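**Student:** my_file18.txt is reproduced below (compact mmCIF, C-alpha atoms).
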# COMPACT_ATOMS: atom_id res chain seq x y z
CA MET P 1 -26.56 -22.80 -5.80
CA ALA P 2 -25.54 -26.26 -6.89
CA ILE P 3 -27.13 -28.25 -9.66
CA LEU P 4 -26.82 -31.99 -10.02
CA VAL P 5 -26.42 -33.19 -13.58
CA PRO P 6 -25.92 -36.70 -14.87
CA SER P 7 -22.27 -37.42 -15.47
CA VAL P 8 -20.87 -39.17 -18.51
CA LYS P 9 -20.90 -42.94 -18.14
CA ARG P 10 -17.43 -44.33 -17.95
CA ARG P 11 -16.33 -47.93 -18.03
CA GLY P 12 -17.00 -49.58 -14.69
CA GLN P 13 -19.48 -46.91 -13.45
CA SER P 14 -23.18 -47.22 -13.04
CA CYS P 15 -25.56 -44.88 -14.79
CA ALA P 16 -26.76 -43.44 -11.48
CA SER P 17 -23.66 -41.32 -10.78
CA TRP P 18 -24.18 -37.59 -10.74
CA ALA P 19 -21.76 -34.68 -10.97
CA LYS P 20 -22.19 -31.58 -8.87
CA ILE P 21 -21.70 -28.26 -10.68
CA ASP P 22 -21.43 -25.17 -8.50
CA PHE P 23 -22.97 -22.01 -10.00
CA ARG P 24 -22.47 -19.59 -7.08
CA MET P 25 -22.00 -15.94 -7.90
CA PRO P 26 -19.05 -14.23 -6.23
CA GLN P 27 -20.29 -12.58 -3.04
CA ILE P 28 -19.35 -8.98 -2.26
CA LYS P 29 -19.28 -8.39 1.46
CA SER P 30 -21.24 -5.35 2.63
CA TRP P 31 -18.28 -3.96 4.57
CA THR P 32 -15.83 -4.04 1.67
CA VAL P 33 -14.59 -0.56 0.72
CA SER P 34 -14.42 -0.32 -3.06
CA ASP P 35 -11.80 1.71 -4.91
CA ALA P 36 -14.45 4.16 -6.14
CA PHE P 37 -15.76 4.72 -2.61
CA TRP P 38 -12.24 5.09 -1.20
CA ALA P 39 -11.47 7.74 -3.86
CA LYS P 40 -14.36 9.80 -2.43
CA VAL P 41 -13.45 9.18 1.22
CA GLU P 42 -9.68 9.71 1.11
CA PRO P 43 -9.71 13.51 0.58
CA LEU P 44 -11.98 13.95 3.63
CA ILE P 45 -9.50 12.32 6.06
CA HIS P 46 -7.52 14.87 8.02
CA VAL P 47 -3.85 13.95 8.00
CA SER P 48 -1.81 15.60 10.72
CA GLN P 49 1.16 17.47 9.29
CA ARG P 50 4.57 17.21 10.86
CA SER P 51 6.60 20.31 11.47
CA PRO P 52 9.14 20.75 8.63
CA ASP P 53 11.76 22.36 10.89
CA ARG P 54 11.97 19.34 13.17
CA ALA P 55 13.84 16.10 12.46
CA TYR P 56 11.93 12.92 13.27
CA LEU P 57 13.74 9.67 13.93
CA ARG P 58 11.97 6.44 14.66
CA LYS P 59 13.88 4.43 17.19
CA PRO P 60 14.53 0.77 16.40
CA GLY P 61 11.83 -1.31 18.03
CA GLY P 62 9.82 1.83 18.72
CA GLY P 63 6.39 0.28 18.26
CA ARG P 64 4.32 -0.64 15.26
CA LYS P 65 4.43 1.14 11.96
CA PRO P 66 1.43 3.39 11.36
CA MET P 67 -1.60 1.73 9.83
CA PRO P 68 -2.68 2.93 6.38
CA PRO P 69 -5.85 5.07 6.47
CA ARG P 70 -7.70 2.75 4.06
CA GLN P 71 -7.17 -0.22 6.39
CA ILE P 72 -8.42 1.85 9.34
CA PHE P 73 -11.48 3.02 7.40
CA SER P 74 -12.23 -0.55 6.25
CA ALA P 75 -12.08 -1.75 9.85
CA ILE P 76 -14.43 1.05 11.00
CA VAL P 77 -16.89 0.20 8.22
CA TYR P 78 -16.69 -3.48 9.25
CA VAL P 79 -17.57 -2.65 12.86
CA LEU P 80 -20.42 -0.34 11.84
CA ARG P 81 -21.88 -2.77 9.28
CA THR P 82 -21.63 -5.96 11.34
CA GLY P 83 -22.34 -4.42 14.75
CA CYS P 84 -19.53 -6.37 16.39
CA GLN P 85 -17.57 -5.05 19.36
CA TRP P 86 -14.26 -3.31 18.77
CA LYS P 87 -12.38 -6.11 20.51
CA ALA P 88 -14.06 -8.68 18.21
CA LEU P 89 -12.54 -7.05 15.11
CA PRO P 90 -10.80 -9.69 12.94
CA ARG P 91 -7.00 -9.62 13.03
CA GLU P 92 -6.84 -8.93 9.28
CA PHE P 93 -7.83 -5.32 10.03
CA GLY P 94 -5.03 -4.81 12.55
CA SER P 95 -5.10 -3.94 16.22
CA ALA P 96 -8.63 -3.31 17.50
CA SER P 97 -7.44 -0.74 20.04
CA ALA P 98 -5.48 1.16 17.36
CA VAL P 99 -8.51 1.20 15.05
CA HIS P 100 -10.73 2.44 17.88
CA LEU P 101 -8.19 5.14 18.74
CA HIS P 102 -8.23 6.34 15.12
CA PHE P 103 -12.03 6.21 15.11
CA GLN P 104 -12.16 8.53 18.13
CA LYS P 105 -9.52 10.83 16.66
CA TRP P 106 -11.36 11.07 13.33
CA GLN P 107 -14.66 11.68 15.10
CA ARG P 108 -13.16 14.60 17.08
CA ALA P 109 -11.65 16.00 13.85
CA GLY P 110 -15.12 16.01 12.22
CA PHE P 111 -14.35 13.38 9.58
CA PHE P 112 -17.67 11.55 9.88
CA LEU P 113 -19.64 14.80 9.71
CA ARG P 114 -17.80 15.76 6.50
CA LEU P 115 -18.40 12.26 5.11
CA TRP P 116 -22.12 12.51 5.87
CA GLN P 117 -22.33 15.99 4.32
CA ALA P 118 -20.49 14.82 1.18
CA GLY P 119 -22.82 11.83 0.89
CA LEU P 120 -25.88 14.06 1.22
CA ALA P 121 -24.54 16.47 -1.40
CA GLU P 122 -23.86 13.61 -3.83
CA TYR P 123 -27.29 12.10 -3.25
CA ASP P 124 -28.87 15.54 -3.71
CA GLU P 125 -27.16 15.83 -7.12
CA MET P 126 -28.35 12.36 -8.15
CA GLU P 127 -31.89 12.31 -6.78
CA ALA P 128 -32.64 15.95 -5.90
CA ILE P 129 -33.61 15.84 -2.23
CA ALA P 130 -36.80 17.78 -1.52
CA TRP P 131 -35.36 19.81 1.36
CA ASN P 132 -38.64 21.68 2.01
CA TRP P 133 -40.33 18.35 2.84
CA GLN P 134 -37.75 17.22 5.39
CA SER P 135 -38.70 17.14 9.06
CA ILE P 136 -37.29 16.07 12.39
CA ASP P 137 -39.04 13.58 14.63
CA GLY P 138 -39.59 15.11 18.05
CA ALA P 139 -40.05 11.77 19.82
CA MET P 140 -36.40 11.51 20.73
CA HIS P 141 -36.84 12.97 24.22
CA LYS P 142 -39.42 12.97 27.00
CA ALA P 143 -42.41 15.25 26.74
CA PRO P 144 -42.25 17.68 29.71
CA LEU P 145 -45.97 17.61 30.47
CA ALA P 146 -46.54 13.88 30.02
CA THR P 147 -46.50 13.03 33.73
CA GLU P 148 -49.47 15.29 34.40
CA CYS P 149 -51.69 13.36 31.98
CA VAL P 150 -50.40 9.84 32.51
CA GLY P 151 -49.36 9.75 36.14
CA PRO P 152 -46.25 8.34 37.74
CA ASN P 153 -43.74 6.23 35.89
CA PRO P 154 -45.04 2.64 35.47
CA THR P 155 -41.84 1.24 36.94
CA ASP P 156 -42.38 3.26 40.12
CA ARG P 157 -46.00 2.16 40.66
CA GLY P 158 -45.00 -1.07 42.39
CA LYS P 159 -42.73 0.50 44.99
CA LYS P 160 -43.54 -0.10 48.65
CA TRP P 161 -43.67 3.59 49.57
CA ALA P 162 -46.29 4.29 46.93
CA GLN P 163 -48.61 1.38 47.72
CA ALA P 164 -51.86 1.86 49.55
CA LYS P 165 -52.25 0.14 52.93
CA PRO P 166 -54.40 -3.00 52.99
CA VAL P 167 -57.99 -2.34 54.08
CA GLY P 168 -58.81 -3.30 57.69
CA ARG P 169 -55.26 -3.32 58.97
CA ARG P 170 -53.54 -0.74 61.07
CA ASN P 171 -50.27 0.90 60.17
CA TRP P 172 -47.51 -0.88 62.05
CA ARG P 173 -44.64 1.04 63.55
CA PRO P 174 -41.98 -0.17 65.92
CA ALA P 175 -42.47 0.88 69.53
CA ILE P 176 -38.89 2.09 69.83
CA ALA P 177 -37.46 4.06 66.96
CA ARG P 178 -33.92 2.90 67.70
CA ARG P 179 -32.83 -0.12 69.59
CA GLN P 180 -30.90 0.67 72.73
CA ARG P 181 -28.22 -1.85 73.61
CA ARG P 182 -26.96 -2.29 77.10
CA LYS P 183 -23.28 -2.06 77.69
CA HIS P 184 -22.01 -4.80 79.96
CA ALA P 185 -19.61 -3.68 82.64
Would you mind writing the file's structure down as structure tokens?

**Tutor:**
Amino acid sequence: MAILVPSVKRRGQSCASWAKIDFRMPQIKSWTVSDAFWAKVEPLIHVSQRSPDRAYLRKPGGGRKPMPPRQIFSAIVYVLRTGCQWKALPREFGSASAVHLHFQKWQRAGFFLRLWQAGLAEYDEMEAIAWNWQSIDGAMHKAPLATECVGPNPTDRGKKWAQAKPVGRRNWRPAIARRQRRKHA
């Protein structure tokens, strides 16, 4: 929000000059992962352990260094909050394919389920969820007996095989079911 205020008259200036003062509040982006939120998320991330009896040596030029988990999580939150495609992820988050690979790996490891459960437990402590009043909406799948009451699918009603024949016309069929071609000698 900008406000125009009269500026101080200086020598050689007219009285009609105005100064623009900008009073914008700093904007916090909805996909930004705060330090407090990251402190709650970090223990839930499964970190694969390397075998202690094996020596690991990274070859020179052997690919990129691993991305930090906070950067990966920030990129995943960005994609989920903005709804953009994985390939449209800004370069500041790193490689889009690497972030998507970590997303799939974390999903298989159950990270997002643990995050959801931890969030529910924290909200339950703060607001006391009335668990006996919770219900599931059953409209997520087709009702098995709906076709008996309603009839065929509306998208199938306009198909040629389901249409009635026009009144006063006969059903046309070809005289020969299959065309016979003569072979020239």

**Student:** Counting all atoms listed in the file, figure out which residue out of P:Ala98, P:Ala121, P:Met126, P:Leu80 gets nearest to Met67 (chain P).

**Tutor:**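 Smallest separation from Met67 (chain P) among the options: P:Ala98.
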
**Student:** Within 12 Å of Leu113 (chain P), counting all atoms listed in the file, which residues qualify if same-chain residues fewer than 6 places away don't, as a PDB file with C-alpha atoms, in the frame of the given file?

**Tutor:**
ATOM      1  CA  VAL P  41     -13.450   9.180   1.220  1.00  0.00           C
ATOM      2  CA  LEU P  44     -11.980  13.950   3.630  1.00  0.00           C
ATOM      3  CA  ILE P  45      -9.500  12.320   6.060  1.00  0.00           C
ATOM      4  CA  TRP P 106     -11.360  11.070  13.330  1.00  0.00           C
ATOM      5  CA  GLN P 107     -14.660  11.680  15.100  1.00  0.00           C
ATOM      6  CA  GLY P 119     -22.820  11.830   0.890  1.00  0.00           C
ATOM      7  CA  LEU P 120     -25.880  14.060   1.220  1.00  0.00           C
TER       8      LEU P 120
END

**Student:** So which one's closest to Phe73 (chain P), P:Arg54, P:Val33, P:Gly110, P:Lys105? Using only C-alpha atoms, please.

**Tutor:**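 For Phe73 (chain P), the nearest of the candidates is P:Val33.
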
**Student:** Could you please give me, as a list in words, the residues of protein, DNA or RNA lying at most 10 Å from (-16.8, -2.4, 5.5) in the coordinate frame of the file, considering only C-alpha atoms?

**Tutor:**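 Checked against the point, the hits come out as Lys29, Ser30, Trp31, Thr32, Val33, Ser34, Gln71, Phe73, Ser74, Ala75, Ile76, Val77, Tyr78, Val79, Leu80, Arg81 and Thr82 of chain P.
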
**Student:** Calculated over all atoms listed in the file, which of the candidates P:Arg58, P:Pro52, P:Trp133, P:His46 has the smallest distance to Arg114 (chain P)?

**Tutor:**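 Answer, going by the shortest atom-to-atom distance: P:His46.
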
**Student:** So how many Å separate CA of Pro69 (chain P) and CA of Glu42 (chain P), to one decimal?

**Tutor:**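 Separation between CA of Pro69 (chain P) and CA of Glu42 (chain P): 8.1 Å.
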
**Student:** May I ask for the distance between CA of Tyr56 (chain P) and CA of Glu92 (chain P), given in Å to one decimal place?

**Tutor:**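 CA of Tyr56 (chain P) sits 29.1 Å away from CA of Glu92 (chain P).
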
**Student:** Quick one: of P:Glu127, P:Ile72, P:Trp38, P:Asp53, who's nearest to His100 (chain P), counting only C-alpha atoms?

**Tutor:**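 Using only C-alpha atoms, the shortest distance to His100 (chain P) belongs to P:Ile72.
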
**Student:** For the atom pair CA of Arg70 (chain P) and CA of Gly94 (chain P), what is the interatomic distance in Å to one decimal place?

**Tutor:**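 Rounded to one decimal, the two atoms are 11.7 Å apart.
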
**Student:** For region 61-76 of chain P in the structure I just supplied, write out N, CA, C and O atoms - as a PDB file, in the first residue's frame.

**Tutor:**
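Written out: part.pdb:
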ATOM      1  N   GLY P  61      33.816 -36.327  -9.687  1.00  0.00           N
ATOM      2  CA  GLY P  61      32.876 -36.145 -10.794  1.00  0.00           C
ATOM      3  C   GLY P  61      31.774 -37.180 -10.789  1.00  0.00           C
ATOM      4  O   GLY P  61      31.148 -37.435 -11.810  1.00  0.00           O
ATOM      5  N   GLY P  62      31.508 -37.773  -9.654  1.00  0.00           N
ATOM      6  CA  GLY P  62      30.517 -38.850  -9.556  1.00  0.00           C
ATOM      7  C   GLY P  62      29.107 -38.362  -9.309  1.00  0.00           C
ATOM      8  O   GLY P  62      28.384 -38.949  -8.525  1.00  0.00           O
ATOM      9  N   GLY P  63      28.705 -37.290  -9.931  1.00  0.00           N
ATOM     10  CA  GLY P  63      27.330 -36.811  -9.792  1.00  0.00           C
ATOM     11  C   GLY P  63      27.231 -35.651  -8.821  1.00  0.00           C
ATOM     12  O   GLY P  63      28.220 -35.137  -8.305  1.00  0.00           O
ATOM     13  N   ARG P  64      25.999 -35.276  -8.540  1.00  0.00           N
ATOM     14  CA  ARG P  64      25.758 -34.148  -7.641  1.00  0.00           C
ATOM     15  C   ARG P  64      25.869 -34.598  -6.190  1.00  0.00           C
ATOM     16  O   ARG P  64      25.645 -35.752  -5.867  1.00  0.00           O
ATOM     17  N   LYS P  65      26.154 -33.637  -5.350  1.00  0.00           N
ATOM     18  CA  LYS P  65      26.141 -33.918  -3.918  1.00  0.00           C
ATOM     19  C   LYS P  65      24.689 -34.073  -3.483  1.00  0.00           C
ATOM     20  O   LYS P  65      23.789 -33.477  -4.087  1.00  0.00           O
ATOM     21  N   PRO P  66      24.445 -34.857  -2.447  1.00  0.00           N
ATOM     22  CA  PRO P  66      23.051 -35.053  -2.011  1.00  0.00           C
ATOM     23  C   PRO P  66      22.418 -33.736  -1.558  1.00  0.00           C
ATOM     24  O   PRO P  66      23.080 -32.888  -0.972  1.00  0.00           O
ATOM     25  N   MET P  67      21.135 -33.615  -1.837  1.00  0.00           N
ATOM     26  CA  MET P  67      20.403 -32.414  -1.433  1.00  0.00           C
ATOM     27  C   MET P  67      20.053 -32.514   0.047  1.00  0.00           C
ATOM     28  O   MET P  67      19.729 -33.586   0.536  1.00  0.00           O
ATOM     29  N   PRO P  68      20.096 -31.400   0.768  1.00  0.00           N
ATOM     30  CA  PRO P  68      19.686 -31.439   2.171  1.00  0.00           C
ATOM     31  C   PRO P  68      18.180 -31.713   2.295  1.00  0.00           C
ATOM     32  O   PRO P  68      17.388 -31.244   1.468  1.00  0.00           O
ATOM     33  N   PRO P  69      17.777 -32.471   3.309  1.00  0.00           N
ATOM     34  CA  PRO P  69      16.354 -32.815   3.448  1.00  0.00           C
ATOM     35  C   PRO P  69      15.434 -31.601   3.570  1.00  0.00           C
ATOM     36  O   PRO P  69      14.305 -31.630   3.091  1.00  0.00           O
ATOM     37  N   ARG P  70      15.903 -30.528   4.198  1.00  0.00           N
ATOM     38  CA  ARG P  70      15.045 -29.337   4.334  1.00  0.00           C
ATOM     39  C   ARG P  70      14.760 -28.715   2.973  1.00  0.00           C
ATOM     40  O   ARG P  70      13.636 -28.272   2.713  1.00  0.00           O
ATOM     41  N   GLN P  71      15.737 -28.688   2.091  1.00  0.00           N
ATOM     42  CA  GLN P  71      15.535 -28.150   0.745  1.00  0.00           C
ATOM     43  C   GLN P  71      14.547 -29.024  -0.029  1.00  0.00           C
ATOM     44  O   GLN P  71      13.681 -28.516  -0.737  1.00  0.00           O
ATOM     45  N   ILE P  72      14.653 -30.329   0.131  1.00  0.00           N
ATOM     46  CA  ILE P  72      13.727 -31.259  -0.537  1.00  0.00           C
ATOM     47  C   ILE P  72      12.312 -31.043  -0.014  1.00  0.00           C
ATOM     48  O   ILE P  72      11.358 -30.946  -0.789  1.00  0.00           O
ATOM     49  N   PHE P  73      12.175 -30.960   1.317  1.00  0.00           N
ATOM     50  CA  PHE P  73      10.853 -30.769   1.909  1.00  0.00           C
ATOM     51  C   PHE P  73      10.257 -29.426   1.495  1.00  0.00           C
ATOM     52  O   PHE P  73       9.058 -29.340   1.195  1.00  0.00           O
ATOM     53  N   SER P  74      11.074 -28.385   1.439  1.00  0.00           N
ATOM     54  CA  SER P  74      10.583 -27.064   1.000  1.00  0.00           C
ATOM     55  C   SER P  74      10.086 -27.123  -0.435  1.00  0.00           C
ATOM     56  O   SER P  74       9.059 -26.524  -0.770  1.00  0.00           O
ATOM     57  N   ALA P  75      10.788 -27.853  -1.288  1.00  0.00           N
ATOM     58  CA  ALA P  75      10.368 -27.983  -2.681  1.00  0.00           C
ATOM     59  C   ALA P  75       9.050 -28.756  -2.779  1.00  0.00           C
ATOM     60  O   ALA P  75       8.168 -28.395  -3.565  1.00  0.00           O
ATOM     61  N   ILE P  76       8.902 -29.803  -1.981  1.00  0.00           N
ATOM     62  CA  ILE P  76       7.652 -30.587  -1.993  1.00  0.00           C
ATOM     63  C   ILE P  76       6.490 -29.726  -1.515  1.00  0.00           C
ATOM     64  O   ILE P  76       5.406 -29.740  -2.108  1.00  0.00           O
TER      65      ILE P  76
END
